[in-house]
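The data block below is model09.txt; it holds compact mmCIF, C-alpha atoms.
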```txt
# COMPACT_ATOMS: atom_id res chain seq x y z
CA MET A 1 43.21 4.66 -18.04
CA ALA A 2 43.89 1.97 -15.45
CA VAL A 3 45.30 4.53 -13.02
CA GLN A 4 42.25 6.75 -13.49
CA GLU A 5 39.87 3.85 -12.81
CA ALA A 6 41.86 2.93 -9.70
CA ARG A 7 41.52 6.48 -8.39
CA GLN A 8 37.78 6.39 -8.90
CA GLY A 9 37.54 3.51 -6.48
CA PRO A 10 35.80 0.17 -6.76
CA GLY A 11 32.25 0.23 -8.07
CA THR A 12 32.35 3.83 -9.29
CA ALA A 13 31.99 2.97 -12.95
CA ALA A 14 29.14 0.61 -12.16
CA HIS A 15 27.04 3.53 -10.87
CA GLU A 16 27.27 5.51 -14.11
CA GLY A 17 24.70 5.36 -16.88
CA GLY A 18 22.57 2.22 -16.72
CA CYS A 19 23.45 1.08 -13.21
CA THR A 20 21.37 -1.92 -12.15
CA CYS A 21 22.86 -2.80 -8.77
CA GLY A 22 20.19 -0.98 -6.75
CA ASP A 23 22.67 0.99 -4.62
CA CYS A 24 21.75 4.37 -6.09
CA PRO A 25 18.35 5.88 -6.97
CA HIS A 26 18.72 5.94 -10.76
CA GLY A 27 20.31 2.50 -10.80
CA ALA A 28 17.55 1.02 -8.61
CA ARG A 29 14.84 2.29 -10.94
CA GLU A 30 16.63 1.13 -14.07
CA GLY A 31 17.50 -2.22 -12.53
CA HIS A 32 13.88 -2.84 -11.55
CA ARG A 33 12.65 -1.87 -15.01
CA ARG A 34 15.07 -4.25 -16.71
CA ALA A 35 14.28 -7.10 -14.32
CA VAL A 36 10.54 -6.71 -14.99
CA ALA A 37 11.09 -6.65 -18.75
CA GLU A 38 13.24 -9.80 -18.61
CA PHE A 39 10.69 -11.60 -16.44
CA LEU A 40 7.76 -10.74 -18.72
CA LEU A 41 9.72 -11.89 -21.76
CA LYS A 42 10.63 -15.18 -20.08
CA ARG A 43 7.07 -15.78 -18.92
CA ASP A 44 5.59 -15.21 -22.37
CA GLU A 45 8.23 -17.46 -23.95
CA PHE A 46 7.39 -20.29 -21.57
CA ALA A 47 3.68 -19.70 -22.16
CA ALA A 48 4.31 -20.18 -25.89
CA GLY A 49 6.22 -23.42 -25.24
CA GLN A 50 9.64 -21.97 -26.02
CA GLY A 51 12.87 -22.25 -24.06
CA LEU A 52 12.28 -25.71 -22.58
CA PRO A 53 15.38 -27.92 -22.36
CA ALA A 54 15.21 -31.27 -24.10
CA ALA A 55 15.73 -33.14 -20.83
CA VAL A 56 12.32 -32.11 -19.46
CA ALA A 57 10.36 -31.51 -22.67
CA HIS A 58 9.14 -35.12 -22.82
CA SER A 59 7.36 -34.93 -19.44
CA ALA A 60 4.49 -32.53 -18.78
CA SER A 61 4.97 -32.63 -15.01
CA ALA A 62 8.75 -32.21 -15.25
CA SER A 63 8.50 -29.32 -17.70
CA ARG A 64 5.86 -27.64 -15.54
CA GLN A 65 8.07 -27.95 -12.47
CA TRP A 66 11.12 -26.68 -14.33
CA VAL A 67 9.22 -23.69 -15.73
CA SER A 68 7.84 -22.89 -12.28
CA GLU A 69 11.30 -22.94 -10.72
CA GLU A 70 12.75 -20.73 -13.45
CA LEU A 71 9.94 -18.21 -13.11
CA THR A 72 10.22 -18.25 -9.33
CA GLN A 73 13.91 -17.40 -9.44
CA SER A 74 13.28 -14.63 -11.96
CA ALA A 75 10.39 -13.30 -9.88
CA GLU A 76 12.59 -13.19 -6.77
CA LEU A 77 15.06 -11.01 -8.68
CA VAL A 78 12.20 -8.70 -9.71
CA ALA A 79 11.05 -8.49 -6.08
CA GLU A 80 14.57 -7.70 -4.90
CA ARG A 81 14.92 -4.94 -7.50
CA GLY A 82 11.47 -3.68 -6.57
CA ARG A 83 12.37 -3.39 -2.89
CA ALA A 84 15.59 -1.58 -3.76
CA GLU A 85 13.68 0.80 -6.03
CA GLY A 86 11.09 1.38 -3.28
CA ASP A 87 13.76 2.20 -0.68
CA ALA A 88 15.48 4.60 -3.09
CA TRP A 89 12.12 6.23 -3.90
CA LEU A 90 11.37 6.76 -0.21
CA ALA A 91 14.85 8.22 0.32
CA ARG A 92 14.16 10.79 -2.42
CA LEU A 93 10.63 11.51 -1.23
CA TRP A 94 11.60 13.62 1.78
CA THR A 95 13.17 16.30 -0.42
CA ARG A 96 10.12 16.31 -2.65
CA THR A 97 7.77 16.73 0.28
CA ALA A 98 9.90 19.57 1.64
CA VAL A 99 9.91 21.30 -1.75
CA THR A 100 6.13 20.86 -2.04
CA VAL A 101 5.56 22.36 1.41
CA TRP A 102 7.66 25.43 0.69
CA ALA A 103 6.09 25.79 -2.74
CA ALA A 104 2.73 26.00 -0.95
CA VAL A 105 4.17 28.77 1.26
CA VAL A 106 5.34 30.69 -1.79
CA LEU A 107 1.92 30.24 -3.39
CA LEU A 108 0.28 31.60 -0.25
CA LEU A 109 2.63 34.60 -0.35
CA LEU A 110 1.67 35.31 -3.97
CA VAL A 111 -2.05 35.02 -3.22
CA GLN A 112 -1.71 37.27 -0.19
CA SER A 113 0.21 39.85 -2.23
CA LEU A 114 -2.29 39.84 -5.10
CA THR A 115 -5.33 40.08 -2.86
CA ALA A 116 -3.69 42.88 -0.87
CA ILE A 117 -3.70 45.12 -3.94
CA GLY A 118 -6.39 47.69 -3.30
CA ALA A 119 -7.46 46.18 0.03
CA GLY A 120 -4.13 46.81 1.74
CA TRP A 121 -1.90 44.67 3.86
CA THR A 122 -3.35 43.62 7.20
CA THR A 123 -2.16 42.00 10.42
CA ALA A 124 -4.13 38.88 9.51
CA ARG A 125 -2.10 38.45 6.32
CA THR A 126 1.14 38.74 8.27
CA ALA A 127 -0.09 36.24 10.84
CA GLY A 128 -1.12 33.84 8.08
CA LEU A 129 2.29 33.99 6.44
CA LEU A 130 4.12 33.55 9.76
CA ALA A 131 1.91 30.57 10.59
CA ALA A 132 2.70 29.09 7.19
CA PHE A 133 6.43 29.55 7.75
CA VAL A 134 6.24 27.90 11.17
CA THR A 135 4.18 24.99 9.82
CA ALA A 136 6.47 24.53 6.83
CA GLY A 137 9.56 24.67 9.04
CA ALA A 138 8.14 22.03 11.39
CA LEU A 139 7.24 19.77 8.48
CA THR A 140 10.69 20.20 6.96
CA VAL A 141 12.41 19.25 10.22
CA ALA A 142 10.11 16.24 10.56
CA SER A 143 10.88 15.29 6.96
CA TRP A 144 14.60 15.31 7.66
CA PHE A 145 14.27 13.12 10.74
CA HIS A 146 12.09 10.67 8.79
CA ARG A 147 13.97 10.97 5.50
CA ALA A 148 14.40 7.20 5.22
CA ARG A 149 10.63 6.66 5.58
CA GLY A 150 9.22 9.20 3.17
CA GLY A 151 9.76 12.52 4.89
CA ALA A 152 6.61 14.34 5.92
CA LEU A 153 4.50 11.48 4.57
CA ALA A 154 5.98 8.99 7.07
CA PRO A 155 3.08 9.35 9.58
CA VAL A 156 0.50 8.50 6.90
CA ILE A 157 2.33 5.42 5.57
CA GLY A 158 0.90 2.25 7.07
CA GLU A 159 2.65 -0.88 8.26
CA ASP A 160 1.98 -2.47 4.86
CA ASN A 161 4.01 0.32 3.19
CA ARG A 162 0.92 1.89 1.62
CA LEU A 163 -0.60 5.31 2.14
CA SER A 164 -3.30 5.08 4.80
CA THR A 165 -6.57 6.80 3.89
CA SER A 166 -7.66 7.28 7.50
CA ARG A 167 -4.30 8.73 8.55
CA ALA A 168 -4.12 11.05 5.52
CA VAL A 169 -7.59 12.47 6.22
CA ALA A 170 -6.80 12.91 9.92
CA ALA A 171 -3.47 14.57 9.07
CA GLY A 172 -5.26 17.04 6.80
CA TRP A 173 -7.63 18.13 9.57
CA VAL A 174 -4.81 18.31 12.14
CA LEU A 175 -2.75 20.57 9.86
CA LEU A 176 -5.72 22.85 9.19
CA VAL A 177 -6.60 23.25 12.88
CA ALA A 178 -2.93 23.72 13.86
CA TYR A 179 -2.53 26.38 11.17
CA ALA A 180 -5.71 28.16 12.35
CA VAL A 181 -4.48 28.23 15.95
CA LEU A 182 -1.08 29.59 14.82
CA VAL A 183 -2.84 32.35 12.89
CA LEU A 184 -4.83 33.29 15.99
CA ALA A 185 -1.65 33.19 18.08
CA GLY A 186 0.11 35.51 15.63
CA ARG A 187 -2.77 37.96 15.64
CA LEU A 188 -2.97 37.80 19.43
CA ALA A 189 0.74 38.61 19.72
CA ALA A 190 0.30 41.65 17.49
CA ALA A 191 -2.93 42.86 19.12
CA SER A 192 -2.59 46.32 20.65
CA GLY A 193 -5.69 46.69 22.81
CA PRO A 194 -7.46 44.51 25.40
CA ALA A 195 -10.70 44.54 23.41
CA GLU A 196 -8.98 43.10 20.34
CA ARG A 197 -7.21 40.48 22.46
CA ASP A 198 -10.48 39.44 24.12
CA ALA A 199 -12.13 39.14 20.70
CA LEU A 200 -9.33 36.91 19.43
CA ILE A 201 -9.43 34.71 22.53
CA SER A 202 -13.18 34.35 22.16
CA GLY A 203 -12.51 33.06 18.65
CA LEU A 204 -11.27 29.87 20.29
CA ASP A 205 -14.57 29.31 22.12
CA LEU A 206 -16.07 25.90 21.57
CA ALA A 207 -19.38 27.44 20.52
CA ARG A 208 -17.74 28.87 17.41
CA GLY A 209 -15.54 25.91 16.49
CA ALA A 210 -17.70 23.03 17.71
CA GLY A 211 -18.18 21.63 14.21
CA VAL A 212 -14.51 21.53 13.23
CA VAL A 213 -13.46 20.26 16.68
CA THR A 214 -16.00 17.43 16.49
CA VAL A 215 -14.85 16.44 13.02
CA LEU A 216 -11.20 16.57 14.14
CA ALA A 217 -11.92 14.32 17.12
CA VAL A 218 -13.85 11.79 15.03
CA VAL A 219 -11.38 11.50 12.14
CA CYS A 220 -8.45 11.11 14.57
CA ALA A 221 -10.37 8.44 16.46
CA ILE A 222 -11.17 6.71 13.16
CA ALA A 223 -7.46 6.67 12.23
CA VAL A 224 -6.53 5.03 15.55
CA LEU A 225 -9.47 2.62 15.50
CA VAL A 226 -8.86 1.49 11.92
CA ARG A 227 -5.24 0.65 12.74
CA ARG A 228 -6.43 -1.41 15.71
CA VAL A 229 -9.17 -3.14 13.71
CA VAL A 230 -6.86 -4.04 10.83
CA GLY A 231 -4.17 -5.30 13.20
CA LEU A 232 -6.57 -7.54 15.12
CA ARG A 233 -8.15 -8.90 11.93
CA VAL A 234 -4.72 -9.73 10.49
CA LEU A 235 -3.64 -11.50 13.69
CA GLY A 236 -6.97 -13.35 13.76
CA GLN A 237 -6.43 -14.48 10.13
CA ARG A 238 -9.64 -12.75 9.06
CA LEU A 239 -7.80 -10.27 6.83
CA GLN A 240 -4.87 -10.90 4.49
CA LYS A 241 -2.25 -8.17 4.19
CA VAL A 242 0.74 -8.23 1.83
CA ARG A 243 3.44 -5.55 2.07
CA ALA A 244 3.82 -3.26 -0.94
CA HIS A 245 7.19 -2.29 -2.42
CA ARG A 246 6.43 1.42 -1.98
CA PRO A 247 3.49 3.73 -1.26
CA ARG A 248 1.54 5.30 -4.11
CA ALA A 249 -0.92 8.18 -4.24
CA ALA A 250 -3.58 5.80 -5.58
CA ASP A 251 -3.49 3.94 -2.24
CA LEU A 252 -5.79 6.62 -0.84
CA LEU A 253 -8.60 5.58 -3.22
CA THR A 254 -7.99 1.88 -3.82
CA ASP A 255 -7.68 -1.39 -1.97
CA ASP A 256 -4.48 -3.43 -1.75
CA SER A 257 -5.06 -4.93 -5.21
CA GLY A 258 -5.35 -1.51 -6.86
CA ARG A 259 -9.13 -1.51 -7.38
CA GLY A 260 -11.05 1.60 -6.42
CA THR A 261 -13.21 1.19 -3.31
CA PHE A 262 -16.36 3.17 -2.59
CA ALA A 263 -15.66 3.57 1.13
CA ASP A 264 -12.21 5.10 0.57
CA ILE A 265 -13.22 7.30 -2.37
CA GLN A 266 -16.23 8.86 -0.66
CA TYR A 267 -14.24 9.46 2.55
CA VAL A 268 -11.42 11.23 0.72
CA VAL A 269 -13.72 13.29 -1.54
CA ILE A 270 -16.08 14.46 1.20
CA SER A 271 -13.21 15.23 3.57
CA ALA A 272 -11.38 17.19 0.86
CA VAL A 273 -14.48 19.25 0.12
CA ALA A 274 -15.03 19.95 3.83
CA LEU A 275 -11.37 20.90 4.27
CA ALA A 276 -11.60 23.32 1.35
CA PHE A 277 -14.72 24.88 2.84
CA ALA A 278 -13.05 25.23 6.25
CA ALA A 279 -9.95 26.80 4.66
CA VAL A 280 -12.12 29.38 2.88
CA ARG A 281 -13.93 30.17 6.12
CA LEU A 282 -10.58 30.64 7.84
CA ALA A 283 -9.44 33.01 5.09
CA ARG A 284 -12.64 35.04 5.45
CA ARG A 285 -12.65 35.01 9.25
CA PRO A 286 -9.04 34.70 10.49
CA ASP A 287 -10.07 35.88 13.97
CA GLN A 288 -11.64 32.54 14.97
CA LEU A 289 -11.52 28.81 14.33
CA PRO A 290 -13.21 27.79 11.07
CA ASP A 291 -16.92 27.63 11.92
CA LEU A 292 -17.82 24.45 10.05
CA PRO A 293 -21.62 24.30 9.71
CA TRP A 294 -23.22 21.38 11.53
CA GLY A 295 -24.82 20.16 8.32
CA LEU A 296 -21.42 19.75 6.65
CA ALA A 297 -19.91 18.33 9.85
CA VAL A 298 -22.62 15.65 9.99
CA VAL A 299 -21.92 14.77 6.34
CA VAL A 300 -18.24 14.24 7.21
CA LEU A 301 -19.21 12.12 10.22
CA VAL A 302 -21.50 9.94 8.11
CA SER A 303 -18.69 9.54 5.58
CA ALA A 304 -16.30 8.51 8.36
CA ALA A 305 -18.80 5.96 9.68
CA THR A 306 -19.19 4.52 6.18
CA TYR A 307 -15.43 4.22 5.85
CA LEU A 308 -15.14 2.46 9.20
CA ALA A 309 -17.95 0.05 8.29
CA GLY A 310 -16.13 -0.73 5.06
CA LYS A 311 -13.00 -1.63 7.00
CA TYR A 312 -15.00 -4.04 9.15
CA ALA A 313 -16.61 -5.62 6.09
CA GLU A 314 -13.52 -6.12 3.92
CA GLY A 315 -11.40 -9.23 3.85
CA GLY A 316 -12.30 -12.74 4.90
CA ARG A 317 -10.48 -15.96 5.59
CA PRO A 318 -9.59 -18.16 2.58
CA VAL A 319 -11.61 -21.33 2.38
CA ILE A 320 -11.41 -24.71 0.61
CA LEU A 321 -14.77 -25.80 -0.75
CA SER A 322 -13.79 -29.00 -2.56
CA VAL A 323 -10.83 -31.05 -3.76
CA VAL A 324 -11.09 -33.21 -6.88
CA ARG A 325 -8.74 -35.20 -9.06
CA SER A 326 -7.55 -33.12 -12.00
CA ARG A 327 -8.62 -34.86 -15.19
CA GLU A 328 -7.46 -34.14 -18.73
CA ALA A 329 -9.43 -34.99 -21.85
CA GLY A 330 -9.32 -38.72 -22.52
CA ASP A 331 -8.40 -39.75 -18.97
CA LEU A 332 -10.45 -42.41 -17.26
CA ASP A 333 -12.31 -41.71 -14.07
CA ALA A 334 -10.29 -42.87 -11.06
CA PRO A 335 -9.60 -42.13 -7.41
CA ILE A 336 -6.79 -39.84 -6.32
CA ARG A 337 -3.44 -41.60 -6.36
CA THR A 338 0.08 -40.42 -5.59
CA GLY A 339 1.48 -38.68 -8.65
CA ASP A 340 -1.92 -37.35 -9.74
CA ASP A 341 -2.79 -33.68 -9.87
CA ILE A 342 -5.53 -32.44 -7.58
CA GLU A 343 -7.65 -29.36 -8.15
CA ILE A 344 -8.43 -27.38 -5.01
CA ARG A 345 -11.50 -25.19 -5.37
CA GLY A 346 -12.38 -22.41 -2.98
CA ALA A 347 -12.00 -18.66 -2.48
CA GLY A 348 -9.44 -16.17 -1.22
CA PHE A 349 -6.31 -18.10 -2.20
CA VAL A 350 -4.62 -15.00 -3.69
CA PRO A 351 -4.63 -12.06 -1.23
CA PRO A 352 -5.15 -8.52 -2.55
CA GLY A 353 -1.82 -7.18 -3.77
CA ALA A 354 -0.28 -10.65 -4.12
CA GLN A 355 -0.79 -11.08 -7.86
CA ALA A 356 2.94 -10.74 -8.58
CA ALA A 357 4.82 -13.92 -9.37
CA ASP A 358 7.12 -13.69 -6.35
CA ARG A 359 4.06 -13.66 -4.07
CA LEU A 360 2.26 -16.42 -5.97
CA SER A 361 5.33 -18.64 -5.69
CA ARG A 362 5.12 -18.47 -1.90
CA MET A 363 1.83 -20.35 -1.79
CA VAL A 364 2.02 -23.81 -0.21
CA VAL A 365 -0.42 -26.71 0.01
CA ARG A 366 -0.11 -29.14 2.90
CA ILE A 367 -1.17 -32.64 1.93
CA GLY A 368 -0.94 -34.64 5.10
CA THR A 369 2.53 -33.92 6.44
CA VAL A 370 4.02 -33.02 3.04
CA HIS A 371 4.36 -29.37 1.97
CA VAL A 372 3.84 -28.88 -1.77
CA HIS A 373 4.71 -25.56 -3.42
CA VAL A 374 2.08 -24.45 -5.89
CA PRO A 375 3.61 -24.49 -9.41
CA LEU A 376 3.39 -21.38 -11.57
CA VAL A 377 1.73 -22.14 -14.91
CA PRO A 378 2.29 -19.19 -17.28
CA VAL A 379 -0.10 -18.02 -19.97
CA THR A 380 0.17 -14.94 -22.16
CA GLY A 381 -0.28 -11.94 -19.87
CA GLY A 382 -0.41 -13.83 -16.58
CA PHE A 383 -0.75 -17.22 -14.90
CA SER A 384 -3.44 -19.89 -15.09
CA ASN A 385 -2.23 -21.42 -11.84
CA PRO A 386 -2.58 -20.42 -9.07
CA THR A 387 -5.76 -18.33 -9.13
CA ASP A 388 -7.93 -16.89 -6.39
CA GLY A 389 -10.47 -19.70 -6.66
CA VAL A 390 -8.58 -22.72 -8.05
CA LEU A 391 -5.20 -24.31 -7.32
CA THR A 392 -3.67 -27.32 -9.05
CA VAL A 393 -0.86 -29.23 -7.35
CA PRO A 394 0.60 -32.74 -7.71
CA VAL A 395 0.24 -35.35 -4.99
CA PRO A 396 3.87 -36.29 -4.25
CA ALA A 397 4.97 -39.86 -3.68
CA GLU A 398 5.83 -38.99 -0.07
CA VAL A 399 2.13 -38.79 0.79
CA GLU A 400 1.04 -41.95 2.58
CA PRO A 401 -2.05 -43.65 1.11
CA GLY A 402 -5.19 -43.30 3.15
CA ARG A 403 -7.22 -40.39 4.46
CA VAL A 404 -5.20 -37.17 4.56
CA GLU A 405 -6.04 -33.53 5.09
CA VAL A 406 -5.41 -30.76 2.58
CA GLN A 407 -4.76 -27.18 3.66
CA VAL A 408 -3.65 -24.10 1.70
CA VAL A 409 -1.24 -21.51 3.11
CA THR A 410 -1.50 -18.23 1.19
CA ALA A 411 1.25 -15.72 0.45
CA ALA A 412 0.07 -13.67 3.44
CA GLY A 413 0.64 -16.65 5.75
CA VAL A 414 -3.07 -17.29 6.35
CA GLU A 415 -4.21 -20.91 6.54
CA THR A 416 -7.46 -22.24 5.13
CA ASN A 417 -9.71 -24.85 6.69
CA ARG A 418 -8.65 -28.49 6.52
CA TYR A 419 -10.29 -30.66 3.88
CA ALA A 420 -10.01 -34.44 4.03
CA ILE A 421 -9.39 -36.57 0.92
CA ASP A 422 -8.67 -40.25 0.29
CA VAL A 423 -5.43 -41.16 -1.47
CA THR A 424 -5.10 -44.70 -2.82
CA GLU A 425 -2.05 -46.65 -3.88
```

Mind turning this structure into structure tokens?
Amino acid sequence: MAVQEARQGPGTAAHEGGCTCGDCPHGAREGHRRAVAEFLLKRDEFAAGQGLPAAVAHSASASRQWVSEELTQSAELVAERGRAEGDAWLARLWTRTAVTVWAAVVLLLLVQSLTAIGAGWTTARTAGLLAAFVTAGALTVASWFHRARGGALAPVIGEDNRLSTSRAVAAGWVLLVAYAVLVLAGRLAAASGPAERDALISGLDLARGAGVVTVLAVVCAIAVLVRRVVGLRVLGQRLQKVRAHRPRAADLLTDDSGRGTFADIQYVVISAVALAFAAVRLARRPDQLPDLPWGLAVVVLVSAATYLAGKYAEGGRPVILSVVRSREAGDLDAPIRTGDDIEIRGAGFVPPGAQAADRLSRMVVRIGTVHVHVPLVPVTGGFSNPTDGVLTVPVPAEVEPGRVEVQVVTAAGVETNRYAIDVTE
């Protein structure tokens, strides 16, 4: 048995069954699942007052600090497993995208074969299949070169590791127009007479494809502009962005926190409907670019403008509105002293997508020149501190008495305004 294990090499047995090291796809997923389960169990136990050592149980502040440190360490393990699971998922995604693309080609072949019964096989059907093969081959090659970043989906994954709605919509229109041009090129190559060739070339006239060309230009411009707008707003600390562990299909319809947004939903739905209409028009008239009616094109343009306006309107810088001494029942009214807890009230302290414990534990409050990490206070199903509108932190003894400024630094690295308070001895 020992000889057999030696031949397998170091670490081989660890990758079998319930591997949790994160070095292989199945192990990364299982390791992340177990880490999440252990963290949730620990959080709920602490919320119920269980698991506290006797050395800190007598002090509320000491027990709170100890619980926060324990949860922070556990949350960091969950985040590490989550990143490993996300990388493994992206590594597997390129094969899935390639399989999906070729499945679409096979589906097109079946549809072409079934519709050819009775009507007969035509040059347009051959050109459509050849265009599909060329498109699928190009996407497969691109998937292989970007296999570590999600395969064919790499161009539509944003810098925050989420699927970009604007890029996905633009990619859909680019693929449709590229496929239509390839179909025309295939038919032009097979054309036998000058009259047929002239008719196919006239199918590329702007008068026939003005609607689809306009929509293509606008959605591509929107994709570029949105990237620029988001980047400038992040650098200007007017928008908070937190990187996700991996992209999800729901990213196309939701914001960073997972809530559905009207601007994204209407843009995706209207664009999908217009794409379906254009694809049907291409199937009916494969001798020209899809002649998207101007009424439908204007609807898509209005949808794109709404989406862009939503990108300008979202976000906002976190702000401190007030800072007060935290008072429990029975305490006397008093000024803020070192050792007291202060309650910071405001808005935007928890960025969208930063509700996980590892992100919450990165929040810092500057009190004068002292940096205070915000303690995690667990409750059943979540945390009572910190929240998006209220933070509670202790005033450490290192803070000099007098007038000091309080400032919150969120998990996204964005700083709030400075708020002055008086600390007495």

Legend entry - Surrounding residues of Met363 in chain A excluding itself and chain neighbours under 5 positions, 7 Å, only C-alpha atoms, as a PyMOL selection string: chain A and resi 373-374+409-411

Inset, instruction - Could you give me, as a ChimeraX atom specification, the residues within 10 Å of range 122-124 of chain A, counting only C-alpha atoms and dropping anything in the same chain fewer than 3 positions from it? - result: /A:112,116,119,127-130,183-184,186-188,190-191,283,285-287

Legend entry - Among the residues A:Ala249, A:Val350, A:Leu204, A:Ala154, the one that comes closest to Val177 in chain A [using all atoms listed in the file]: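 Closest to Val177 in chain A of all the choices is A:Leu204.
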
Legend entry - Residue with smallest distance to Val280 in chain A - pool A:Ala217, A:Leu176, A:Ala138, A:Val101, counting only C-alpha atoms: A:Leu176

Inset, instruction - Using all atoms listed in the file, pick whichever of A:Trp294, A:Phe277, A:Phe145, A:Tyr307 has the shortest atom-to-atom distance to Gly209 in chain A. - result: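 Answer, going by the shortest atom-to-atom distance: A:Trp294.
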
Legend entry - Between CA of Val156 in chain A and CA of Leu253 in chain A - distance in Å to one decimal: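 Between CA of Leu253 in chain A and CA of Val156 in chain A the gap works out to 13.9 Å.
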
Inset, instruction - Could you tell me which of A:Gly158, A:Ala152, A:Glu425, A:Pro394 comes closest to Ala62 in chain A if we count only C-alpha atoms? - result: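 Answer, going by the shortest atom-to-atom distance: A:Pro394.
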
Legend entry - Shell around Arg167 in chain A at 9 Å using all atoms listed in the file, local window under 6 positions removed, as a PyMOL selection string: chain A and resi 155-158+219-220+222-224

Inset, instruction - Have a look at CA of Trp121 in chain A and CA of Arg284 in chain A and let me know their distance in Å, one decimal. - result: 14.5 Å

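Going from CA of Asp255 in chain A over to CA of Ser303 in chain A, you cover 17.3 Å.
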
Legend entry - Nearest candidate to Ala272 in chain A (options A:Leu296, A:Ala356, A:Val230, A:Ala35; using all atoms listed in the file):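 Checking each candidate against Ala272 in chain A, we get A:Leu296 as the closest.
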